[in-house]
Amino acid sequence: MNHFDVRDGALHAEAVSLEAIAEDVGTPVYVYSTATLERHYGLMRDAVAAHRPALGEALIAFAVKANSNLSVLATLARMGCGADTVSEGEMRRALAAGVPADRIILSGVGKTDAELAFAIKTGVRQINVESAVELERLIVVAAGLGVRADIAIRVNPNVGAGGHAKITTGGSGDKFGVPVSEALDLYARAAASPHVRPVGLACHIGSQITTLDPLRSAFGVLRDMTLALRAQGMPVERLDLGGGLGVPYHGMAATPAPTDYVAMAAEVLDGLGVEAAFEPGRLLAANAGLLLSRVIQVNERSDGRRFLVLDAAMNDLMRPALYDAFHEIEPVRTRPGDPVLHDVVGPVCETGDTFARDRSLPPLQAGDLVVFRGAGAYGAVMAGEYNSRPLVPEVLVQQDRYAITRRRPSYEEMLSRELKAYWL
Ligand code: LLP
């Protein structure tokens with residue numbers, strides 16, 4: 001459920017008219033709904049609380065990569081949400097948004113020594129180690145700082161899943177995590193070092209996962225490994241279950257309810273006495289955001305093709321170009337007339353800059369506003385300035401008010417970041 005609804009004939013974000021935002025901020029622009037973020041986080045929080053014996057004092061750590069807007073992070077942080085981060089930049093954003101260090105997890109397949117040192121000095125909750133070679137580097141960094149760092153070993157359970165090959169992470173050929181066969185030895189190696197303290201295991205098998213079965217299998221692997229480690233006398237206090245639960249991008253599509261997902265995790269972990277962590281990204285943010293765009297023109301060709309040329313392009317929303325992702329496209333104000341097929345494209349000079357083909361929409365005209373739904377996760381964060389298009393701004397709505405939380409840079413600002421080589 002989300003809080004983008006039609007009122008008085010036009011789409012609103014909570015009580016704010018999207019037409020008013022477009023007028024004020026210009027388009028394209030991302031628009032987020034506070035109430036939707038709060039609702040999604042609240043669902044997870046309540047589901048986790050309902051399974052406290054099995055999941056312990058579980059941490060919900062929002063995957064910052066999905067939406068790193070400071071105001072979005074602060075909205076979640078003030079409800080108690082933690083942060084799953086993958087870089088120094090993300091750790092700094094989480095801290096700046098008010099996430100306490102002991103609710104921040106650092107993950108990632110290639111953390112630099114500087115990032116590891118930053119995490120240790122900051123006192124993050126845990127560093128998820130993804131390889132033997134990284135563990136050795138981390139031990140050296142922690143020794144240099146004279147502290148003992150809490151770590152989890154990220155296991156590759158050889159259960160790949162996800163909405164697209166490019167976002168599947170848990171298969172044995174994927175670059176993430178330590179194979180099960182090596183993980184026990186690595187855990188023992190960590191336990192033997194005075195500079196790190198292994199607190200548990202982690203996994204993350206993919207994104208936009210639409211059935212619970214692969215997640216259940218992966219959690220089962222963590223359970224078996226926990227028992228095996230304990231049998232060898234090693235403590236396992238925490239299990240980080242990663243993110244990955246899919247969301248409905250199509251109005252009709254059904255995805256598992258967060259409550260069923262959490263109940264399944266509780267069932268698998270029951271009796272272990274561990275503290276669980278969840279790292280949802282898309283689940284909290286995707287349907288809490290829209291990309292709002294204006295029709296530049298409609299190119300009607302003699303062959304019958306009708307191209308809806310928007311002022312948003314692949315540089316603003318990469319997902320269709322990168323993963324053939326589907327986003328619902330909807331006019332802000334419904335026009336009379338029977339729906340017709342549109343090819344929805346942006347102005348960038350690539351055929352890849354096509355958001356949708358043969359999409360049935362009311363007959364739209366130049367100047368009309370449209371939205372892309374489900375754009376709150378992996379939308380603005382993946383935007384760039386290709387074709388020298390200034391970085392897309394972001395707006396956060398709360399009830400009847402809104403704030404520009406990242407403004408559109410002027411052309412002067414865009415150019416001022418560059419220096420001409422001194423000999424030119
Ligand atoms: N934890 C780890 C370690 C991750 O790598 C990810 C996402 C998450 C949590 C959050 O996953 P989520 O709950 O959002 O599925 N750009 C792609 C998605 C890439 C996901 C990468 N890892 C897209 O637009 O579909």
# chains A, B, ... in the order shown; residues from 1 in each chain; ligands from 1
>>> residues_near_ligand(ligand="ligand 1", cutoff="6 Å", atoms="only C-alpha atoms and all ligand atoms", output="ChimeraX atom specification")
/A:63,66,107,167,204,207-208,242-245,279-283,319,378
>>> residues_around(residues="Phe219 of chain A", least_positions_apart="6", cutoff="8 Å", atoms="only C-alpha atoms", output="PyMOL selection string")
chain A and resi 241+265+268-269
>>> write_last_selection(atoms="N, CA and C atoms", output="PDB file, in the first residue's frame")
ATOM      1  N   LEU A 241      20.177 -11.832   7.787  1.00  0.00           N
ATOM      2  CA  LEU A 241      19.456 -12.547   6.732  1.00  0.00           C
ATOM      3  C   LEU A 241      19.423 -11.796   5.403  1.00  0.00           C
ATOM      4  N   ALA A 265      11.149 -16.682   8.461  1.00  0.00           N
ATOM      5  CA  ALA A 265      12.494 -16.562   9.060  1.00  0.00           C
ATOM      6  C   ALA A 265      12.457 -17.039  10.510  1.00  0.00           C
ATOM      7  N   VAL A 268      12.448 -20.800  10.718  1.00  0.00           N
ATOM      8  CA  VAL A 268      13.740 -21.443  10.446  1.00  0.00           C
ATOM      9  C   VAL A 268      14.717 -21.223  11.611  1.00  0.00           C
ATOM     10  N   LEU A 269      14.673 -20.035  12.210  1.00  0.00           N
ATOM     11  CA  LEU A 269      15.655 -19.704  13.255  1.00  0.00           C
ATOM     12  C   LEU A 269      15.197 -20.127  14.653  1.00  0.00           C
TER      13      LEU A 269
END
>>> residues_around(residues="Asp5 of chain A", least_positions_apart="5", cutoff="10 Å", atoms="only C-alpha atoms", output="number ranges by chain")
A: 10-15, 17, 332
>>> write_last_selection(atoms="C-alpha atoms", output="PDB file, in the first residue's frame")
ATOM      1  CA  ALA A  10      -5.214  14.519 -10.166  1.00  0.00           C
ATOM      2  CA  LEU A  11      -2.591  12.344  -8.525  1.00  0.00           C
ATOM      3  CA  HIS A  12      -1.324  13.505  -5.131  1.00  0.00           C
ATOM      4  CA  ALA A  13       1.519  12.461  -2.864  1.00  0.00           C
ATOM      5  CA  GLU A  14      -0.289  12.300   0.478  1.00  0.00           C
ATOM      6  CA  ALA A  15      -2.120  15.683   0.509  1.00  0.00           C
ATOM      7  CA  SER A  17      -0.615  17.883  -5.535  1.00  0.00           C
ATOM      8  CA  VAL A 332      -1.106  12.663 -13.164  1.00  0.00           C
TER       9      VAL A 332
END
>>> select_by_dssp(residues="segment 114-156 of chain A", states="alpha helix (DSSP H)", output="JSON, numbers by chain")
{"A": [114, 115, 116, 117, 118, 119, 120, 121, 122, 132, 133, 134, 135, 136, 137, 138, 139, 140, 141, 142, 143, 144, 145]}
>>> atom_distance(atom1="atom CA of Pro28 of chain A", atom2="atom CA of Gly379 of chain A")
12.0 Å
>>> residues_around(residues="Arg306 of chain A", least_positions_apart="5", cutoff="9 Å", atoms="only C-alpha atoms", output="mmCIF file with C-alpha atoms, in the first residue's frame")
data_model
loop_
_atom_site.group_PDB
_atom_site.id
_atom_site.type_symbol
_atom_site.label_atom_id
_atom_site.label_comp_id
_atom_site.auth_asym_id
_atom_site.auth_seq_id
_atom_site.Cartn_x
_atom_site.Cartn_y
_atom_site.Cartn_z
ATOM 1 C CA VAL A 298 4.294 13.160 -28.880
ATOM 2 C CA ASN A 299 5.831 11.887 -32.112
ATOM 3 C CA GLU A 300 3.123 10.204 -34.155
ATOM 4 C CA ARG A 301 4.597 8.331 -37.065
ATOM 5 C CA VAL A 340 -3.814 4.000 -27.026
ATOM 6 C CA LEU A 341 -0.465 2.264 -27.297
ATOM 7 C CA HIS A 342 2.565 4.433 -26.587
ATOM 8 C CA ASP A 343 6.298 3.832 -26.746
ATOM 9 C CA VAL A 344 7.521 5.791 -23.760
ATOM 10 C CA ASP A 358 3.367 -0.539 -26.518
#
>>> select_by_dssp(residues="segment 138-344 of chain A", states="strand (DSSP E)", output="ChimeraX atom specification")
/A:149-156,178-179,196-202,238-240,275-278,289-300,306-310,329-331,340-344
>>> residues_around(residues="segment 228-239 of chain A", least_positions_apart="3", cutoff="7 Å", atoms="only C-alpha atoms", output="count of residues only")
11
>>> atom_distance(atom1="atom CA of Ala312 of chain A", atom2="atom CA of Leu361 of chain A")
17.2 Å
>>> closest_residue(among="A:Ser217, A:Gln297, A:Asn69, A:Thr334", to="Gly367 of chain A", atoms="only C-alpha atoms")
A:Gln297
>>> residues_around(residues="Tyr30 of chain A", least_positions_apart="4", cutoff="9 Å", atoms="only C-alpha atoms", output="PyMOL selection string")
chain A and resi 289-293+375-376+379-380+392-396
>>> residues_around(residues="Ser410 of chain A", least_positions_apart="3", cutoff="8 Å", atoms="only C-alpha atoms", output="list in words")
Pro390, Glu413 and Met414 of chain A
>>> write_last_selection(atoms="C-alpha atoms", output="PDB file, in the first residue's frame")
ATOM      1  CA  PRO A 390      21.707  17.975 -14.458  1.00  0.00           C
ATOM      2  CA  GLU A 413      27.241  24.289 -10.851  1.00  0.00           C
ATOM      3  CA  MET A 414      27.446  21.312 -13.134  1.00  0.00           C
TER       4      MET A 414
END
>>> atom_distance(atom1="atom CA of Phe355 of chain A", atom2="atom CA of His250 of chain A")
14.5 Å
>>> closest_atom_pairs(of="segment 109-195 of chain A", to="segment 320-329 of chain A", cutoff="9 Å", atoms="only C-alpha atoms", output="JSON lines")
{"residue": "A:Gly163", "atom": "CA", "partner": "A:Tyr323", "partner_atom": "CA", "distance": 8.8}
{"residue": "A:His164", "atom": "CA", "partner": "A:Tyr323", "partner_atom": "CA", "distance": 6.6}
{"residue": "A:Ala165", "atom": "CA", "partner": "A:Tyr323", "partner_atom": "CA", "distance": 8.6}
{"residue": "A:Lys166", "atom": "CA", "partner": "A:Tyr323", "partner_atom": "CA", "distance": 7.3}
{"residue": "A:Ile167", "atom": "CA", "partner": "A:Tyr323", "partner_atom": "CA", "distance": 8.7}
>>> write_last_selection(atoms="C-alpha atoms", output="PDB file, in the first residue's frame")
ATOM      1  CA  GLY A 163      14.273 -10.651 -10.538  1.00  0.00           C
ATOM      2  CA  HIS A 164      17.148 -10.497 -13.068  1.00  0.00           C
ATOM      3  CA  ALA A 165      20.520 -12.202 -13.581  1.00  0.00           C
ATOM      4  CA  LYS A 166      22.279  -8.912 -12.799  1.00  0.00           C
ATOM      5  CA  ILE A 167      20.762  -8.745  -9.321  1.00  0.00           C
TER       6      ILE A 167
END
